[in-house]
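**Student:** Before I ask anything, here is the structure I am working with.
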Amino acid sequence: MRTDSSPGTLPAREHLPAGDAGTPVLDVVIPVYNEEKDLQPCVLRLHEHLKRTFPYAFRITIADNASIDTTPQVAARLESEIPEVKSFRLEQKGRGRALRTVWSASDAPILAYMDVDLSTDLNALLPLVAPLISGHSDLAIGSRLARSSRVVRGAKREFISRTYNLILRGSLQARFSDAQCGFKAIRRDVAQALLPLVEDTGWFFDTEMLVLAERAGLRIHEVPVDWVDDPNSTVHIVKTATEDLKGVWRVGKALASGSLPLDRVTRPFGDDPRDRDIKDVPKGLARQLVGFCVVGGLSTLFYLVLYSAFRQFSGSQIANALALLVSAVANTAANRRLTFGVRGRGGAVRHQAQGLVVFAIGLALTSGSLAALNAASSNPAHSTELAVLVAANLAATVLRFLLFRAWVFPDRGDSAEESTVVAVNSPSSPTYSTAGAMPQHTQHPGSYGPLPHRQPQPHQGSYDTTTQFRAGEAADGTWRDATMQLQPVRPHDTDPRDPR
């Protein structure tokens, strides 16, 4: 999605180099609510799998969503017994709220989450995060609907899942195959830029994050998974589906109105370092050509209808001028919105004024063609007039596209501003929090420092450190990325819609 504001703030993706450092590479979050029975087996199984298969340092974070059973005690015991396990408690329910809080405060360059029931086979975890570590992708999701996936679940859930994803494809033009699988990962720099734009705090959080990421042009990697349905799931299907549909309507309306500044989280051209010095690379030429041709075809039909109507009571020159004027205004508005992705009202008057200049050029071409036809024949047939006008309009269309792209709707880049992030990182304490307001734009050259190999670490007791640092700089200064300022976590918020 393109607007009149500055281009994206994220740097080109880079491979995270391996090395020794104190920061875990991967932070796996397990959001839980009243999971006293399943939590310990889940954490032990996940921890054993990571120790055996994951080549870097990792952390498992238990995010308790206001449980009212003994889940907090189980989490505290696991934290005291396993050095790589941390826990915190959030006093409000909401899976999205828990993920936003932990991911916003985490210092790991790769952030992931999975459901406590471990329905997804853990052998997909390393393929899930590998494209993020290598710099190939921005987000990664497990897909139960991929052709090579193997899924065991009832017909009811299968129908609901496929119907929901069809709704996403039809209404929000989503291209990813499975929005609801509880098995996802994201790069930290992407999360810090993207999460402030995600409003939902419940089960629609995943879908909203993926839709916004895809619309911003970020790369989403899909991993086929083996998945077995949990018959004891506490998710209320009907209520969750209703809230999801409300979320689809809200996000669709926001995308249509252009109120989301998705240009802030786009990537620059070229992930290869050799491409990053290329200047003024045309963006989206193929898509713009297709959009312009579609708009142009419809505009031509609209023009011909208007010309035929005006020709009933006026001469050919007056009918041509009126039809071209009306269709030019509509054409500029349609190309502004659909072809070049400009949202909002800013600059609309200027764009229409420039469009009228382009209209004047088209008027000169078409009027000159009519004048030449009338000079050649004193009483040309109506069909001959239409044929000449179609040919003249085709020539004017090519010129119109070039002028629109280079003059009326060019890509613009403004200087970026710096931002700061204040993070209170207390993995052993009840809460994580961040502070600060989201800036308008941020752009820094970013690079990650060395990644640590997996090493057992002695358990540390409760600690609470508050550090102020620039966006993109970890508290220990070991790695950097280009990020936006985080929105403050609001622990006093409540989410009555949360079905859990």
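We label chains A, B, ... in the order they appear in the structure tokens, count residues from 1 in each chain, and number ligands from 1 in the order shown.
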Identify all residues of region 49-248 of chain A in alpha helix (DSSP H) (DSSP on the backbone) and supply them as a PDB file with C-alpha atoms, in the first residue's frame.
**Tutor:**
ATOM      1  CA  HIS A  49      13.120 -30.874  21.527  1.00  0.00           C
ATOM      2  CA  LEU A  50      14.940 -27.522  21.387  1.00  0.00           C
ATOM      3  CA  LYS A  51      17.892 -28.800  23.421  1.00  0.00           C
ATOM      4  CA  ARG A  52      18.216 -31.731  21.040  1.00  0.00           C
ATOM      5  CA  THR A  53      17.637 -30.031  17.666  1.00  0.00           C
ATOM      6  CA  THR A  71      -1.331 -22.354  36.151  1.00  0.00           C
ATOM      7  CA  PRO A  72       0.783 -19.496  37.655  1.00  0.00           C
ATOM      8  CA  GLN A  73       2.250 -21.861  40.253  1.00  0.00           C
ATOM      9  CA  VAL A  74       3.105 -24.449  37.584  1.00  0.00           C
ATOM     10  CA  ALA A  75       4.759 -21.746  35.475  1.00  0.00           C
ATOM     11  CA  ALA A  76       6.778 -20.476  38.446  1.00  0.00           C
ATOM     12  CA  ARG A  77       7.974 -23.973  39.266  1.00  0.00           C
ATOM     13  CA  LEU A  78       9.084 -24.604  35.678  1.00  0.00           C
ATOM     14  CA  GLU A  79      10.925 -21.281  35.650  1.00  0.00           C
ATOM     15  CA  SER A  80      12.800 -22.199  38.829  1.00  0.00           C
ATOM     16  CA  GLU A  81      13.775 -25.623  37.549  1.00  0.00           C
ATOM     17  CA  ARG A  95      -3.884 -14.201  23.454  1.00  0.00           C
ATOM     18  CA  GLY A  96      -3.088 -11.257  21.193  1.00  0.00           C
ATOM     19  CA  ARG A  97      -2.441  -9.036  24.207  1.00  0.00           C
ATOM     20  CA  ALA A  98      -0.037 -11.592  25.670  1.00  0.00           C
ATOM     21  CA  LEU A  99       1.882 -12.012  22.403  1.00  0.00           C
ATOM     22  CA  ARG A 100       2.116  -8.265  21.862  1.00  0.00           C
ATOM     23  CA  THR A 101       3.459  -7.729  25.395  1.00  0.00           C
ATOM     24  CA  VAL A 102       6.112 -10.445  25.302  1.00  0.00           C
ATOM     25  CA  TRP A 103       7.205  -9.859  21.733  1.00  0.00           C
ATOM     26  CA  SER A 104       7.468  -6.097  22.261  1.00  0.00           C
ATOM     27  CA  ALA A 105       9.789  -6.551  25.246  1.00  0.00           C
ATOM     28  CA  LEU A 125       9.849 -25.631  14.299  1.00  0.00           C
ATOM     29  CA  LEU A 126      13.343 -25.406  12.811  1.00  0.00           C
ATOM     30  CA  PRO A 127      11.999 -25.082   9.220  1.00  0.00           C
ATOM     31  CA  LEU A 128       9.668 -22.384  10.564  1.00  0.00           C
ATOM     32  CA  VAL A 129      12.408 -20.126  11.934  1.00  0.00           C
ATOM     33  CA  ALA A 130      15.210 -20.950   9.471  1.00  0.00           C
ATOM     34  CA  PRO A 131      13.942 -18.550   6.740  1.00  0.00           C
ATOM     35  CA  LEU A 132      13.839 -15.759   9.332  1.00  0.00           C
ATOM     36  CA  ILE A 133      17.371 -16.423  10.548  1.00  0.00           C
ATOM     37  CA  SER A 134      18.673 -16.608   6.972  1.00  0.00           C
ATOM     38  CA  ALA A 155     -15.226 -32.453   9.765  1.00  0.00           C
ATOM     39  CA  LYS A 156     -16.719 -29.489  11.659  1.00  0.00           C
ATOM     40  CA  ARG A 157     -13.375 -27.822  12.395  1.00  0.00           C
ATOM     41  CA  GLU A 158     -12.117 -28.632   8.903  1.00  0.00           C
ATOM     42  CA  PHE A 159     -15.144 -26.934   7.348  1.00  0.00           C
ATOM     43  CA  ILE A 160     -14.870 -23.870   9.609  1.00  0.00           C
ATOM     44  CA  SER A 161     -11.152 -23.454   8.964  1.00  0.00           C
ATOM     45  CA  ARG A 162     -11.433 -23.712   5.185  1.00  0.00           C
ATOM     46  CA  THR A 163     -14.470 -21.441   5.085  1.00  0.00           C
ATOM     47  CA  TYR A 164     -12.697 -18.803   7.172  1.00  0.00           C
ATOM     48  CA  ASN A 165      -9.664 -18.817   4.914  1.00  0.00           C
ATOM     49  CA  LEU A 166     -11.901 -18.549   1.843  1.00  0.00           C
ATOM     50  CA  ILE A 167     -13.526 -15.498   3.438  1.00  0.00           C
ATOM     51  CA  LEU A 168     -10.102 -13.947   3.957  1.00  0.00           C
ATOM     52  CA  ARG A 169      -9.167 -14.575   0.337  1.00  0.00           C
ATOM     53  CA  GLY A 170     -12.414 -13.166  -0.986  1.00  0.00           C
ATOM     54  CA  SER A 171     -12.719 -10.120   1.269  1.00  0.00           C
ATOM     55  CA  LEU A 172      -9.139  -9.118   2.128  1.00  0.00           C
ATOM     56  CA  ARG A 188      11.927  -8.883  15.962  1.00  0.00           C
ATOM     57  CA  ASP A 189      12.573  -5.813  13.795  1.00  0.00           C
ATOM     58  CA  VAL A 190       9.418  -6.593  11.826  1.00  0.00           C
ATOM     59  CA  ALA A 191       7.406  -7.171  15.006  1.00  0.00           C
ATOM     60  CA  GLN A 192       8.378  -3.824  16.502  1.00  0.00           C
ATOM     61  CA  ALA A 193       7.310  -2.022  13.337  1.00  0.00           C
ATOM     62  CA  LEU A 194       4.161  -4.052  12.703  1.00  0.00           C
ATOM     63  CA  PHE A 205      -4.582 -11.005  16.359  1.00  0.00           C
ATOM     64  CA  ASP A 206      -2.856 -13.547  14.064  1.00  0.00           C
ATOM     65  CA  THR A 207      -5.065 -12.824  11.078  1.00  0.00           C
ATOM     66  CA  GLU A 208      -4.778  -9.062  11.399  1.00  0.00           C
ATOM     67  CA  MET A 209      -0.992  -9.239  11.710  1.00  0.00           C
ATOM     68  CA  LEU A 210      -0.683 -11.444   8.620  1.00  0.00           C
ATOM     69  CA  VAL A 211      -3.044  -9.343   6.490  1.00  0.00           C
ATOM     70  CA  LEU A 212      -1.232  -6.108   7.341  1.00  0.00           C
ATOM     71  CA  ALA A 213       2.167  -7.725   6.755  1.00  0.00           C
ATOM     72  CA  GLU A 214       1.089  -9.040   3.367  1.00  0.00           C
ATOM     73  CA  ARG A 215      -0.432  -5.707   2.325  1.00  0.00           C
ATOM     74  CA  ILE A 237     -15.835 -21.882  18.009  1.00  0.00           C
ATOM     75  CA  VAL A 238     -19.015 -19.897  17.341  1.00  0.00           C
ATOM     76  CA  LYS A 239     -18.042 -16.910  19.473  1.00  0.00           C
ATOM     77  CA  THR A 240     -14.506 -16.867  18.067  1.00  0.00           C
ATOM     78  CA  ALA A 241     -15.815 -17.074  14.486  1.00  0.00           C
ATOM     79  CA  THR A 242     -18.183 -14.166  15.149  1.00  0.00           C
ATOM     80  CA  GLU A 243     -15.389 -11.994  16.528  1.00  0.00           C
ATOM     81  CA  ASP A 244     -13.167 -12.980  13.614  1.00  0.00           C
ATOM     82  CA  LEU A 245     -15.799 -11.833  11.113  1.00  0.00           C
ATOM     83  CA  LYS A 246     -16.077  -8.526  12.952  1.00  0.00           C
ATOM     84  CA  GLY A 247     -12.306  -8.208  12.705  1.00  0.00           C
ATOM     85  CA  VAL A 248     -12.393  -8.949   8.973  1.00  0.00           C
TER      86      VAL A 248
END
**Student:** Can you pull out every residue within 7 Å of Asp229 (chain A), counting only C-alpha atoms, but drop anything in the same chain fewer than 4 positions away, and send it as a list in words?
**Tutor:** Ser119, Val152 and Arg153 of chain A
**Student:** Which parts of region 67-257 of chain A does DSSP call strand (DSSP E) when run on the backbone here, written out as a PyMOL selection string?
**Tutor:** chain A and resi 85-90+110-114+139-143+150-152+183-187+220-224+226-228
**Student:** What is the distance between CA of Pro11 (chain A) and CA of Leu139 (chain A), in Å to one decimal?
**Tutor:**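 We find that CA of Pro11 (chain A) and CA of Leu139 (chain A) lie 14.9 Å from each other.
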**Student:** For the interface of region 166-192 of chain A with region 19-41 of chain A (cut-off 12 Å, counting only C-alpha atoms), please tabulate each contacting residue of region 166-192 of chain A alongside its nearest pair of atoms and their separation in Å to one decimal, rows sorted by chain and increasing number, as JSON lines.
**Tutor:**
{"residue": "A:Gly182", "atom": "CA", "partner": "A:Ile30", "partner_atom": "CA", "distance": 9.9}
{"residue": "A:Phe183", "atom": "CA", "partner": "A:Val28", "partner_atom": "CA", "distance": 10.0}
{"residue": "A:Lys184", "atom": "CA", "partner": "A:Val28", "partner_atom": "CA", "distance": 9.6}
{"residue": "A:Ala185", "atom": "CA", "partner": "A:Val28", "partner_atom": "CA", "distance": 8.5}
{"residue": "A:Ile186", "atom": "CA", "partner": "A:Leu26", "partner_atom": "CA", "distance": 10.1}
{"residue": "A:Arg187", "atom": "CA", "partner": "A:Leu26", "partner_atom": "CA", "distance": 9.6}
{"residue": "A:Arg188", "atom": "CA", "partner": "A:Leu26", "partner_atom": "CA", "distance": 9.9}
**Student:** Write to file, as a PDB file, in the first residue's frame, the residues of the selection just made, with C-alpha atoms.
**Tutor:**
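This is the output file part_35.pdb:
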ATOM      1  CA  GLY A 182      -1.140 -21.664  16.310  1.00  0.00           C
ATOM      2  CA  PHE A 183       2.397 -21.988  15.023  1.00  0.00           C
ATOM      3  CA  LYS A 184       4.010 -18.757  13.833  1.00  0.00           C
ATOM      4  CA  ALA A 185       7.265 -16.785  13.963  1.00  0.00           C
ATOM      5  CA  ILE A 186       8.383 -13.243  13.147  1.00  0.00           C
ATOM      6  CA  ARG A 187      11.618 -11.290  13.054  1.00  0.00           C
ATOM      7  CA  ARG A 188      11.927  -8.883  15.962  1.00  0.00           C
TER       8      ARG A 188
END
**Student:** If we count only C-alpha atoms and set the cut-off at 9 Å, which residues sit around His47 (chain A), ignoring sequence neighbours fewer than 6 positions away in its own chain? Please answer as a tab-separated table (two decimals) with N, CA, C and O atoms, in the first residue's frame.
**Tutor:**
chain	number	residue	atom	x	y	z
A	59	ARG	N	14.92	-19.39	24.36
A	59	ARG	CA	14.16	-19.12	25.57
A	59	ARG	C	12.72	-19.58	25.35
A	59	ARG	O	12.18	-19.42	24.25
A	60	ILE	N	12.11	-20.14	26.37
A	60	ILE	CA	10.69	-20.48	26.35
A	60	ILE	C	9.99	-19.57	27.35
A	60	ILE	O	10.32	-19.58	28.53
A	82	ILE	N	14.10	-24.87	35.23
A	82	ILE	CA	14.72	-24.91	33.90
A	82	ILE	C	15.27	-23.53	33.56
A	82	ILE	O	14.50	-22.56	33.48
A	84	GLU	N	16.23	-22.13	30.82
A	84	GLU	CA	15.76	-21.50	29.60
A	84	GLU	C	14.28	-21.11	29.64
A	84	GLU	O	13.76	-20.59	28.65
A	85	VAL	N	13.61	-21.37	30.74
A	85	VAL	CA	12.18	-21.07	30.84
A	85	VAL	C	11.97	-19.80	31.67
A	85	VAL	O	12.53	-19.66	32.76
**Student:** If you measure from CA of Asp64 (chain A) to CA of Asp115 (chain A), what distance in Å do you get, rounded to one decimal?
**Tutor:**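 Distance reported for this atom pair: 12.3 Å.
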**Student:** Please report the interatomic distance between CA of Tyr307 (chain A) and CA of Leu289 (chain A) in Å with one decimal.
**Tutor:**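 It comes out at 25.8 Å.
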**Student:** For a quick check of understanding, using only C-alpha atoms, which of A:Asn379, A:Ser299, A:Gln312, A:Asn123 has the smallest distance to Val223 (chain A)?
**Tutor:** A:Asn123
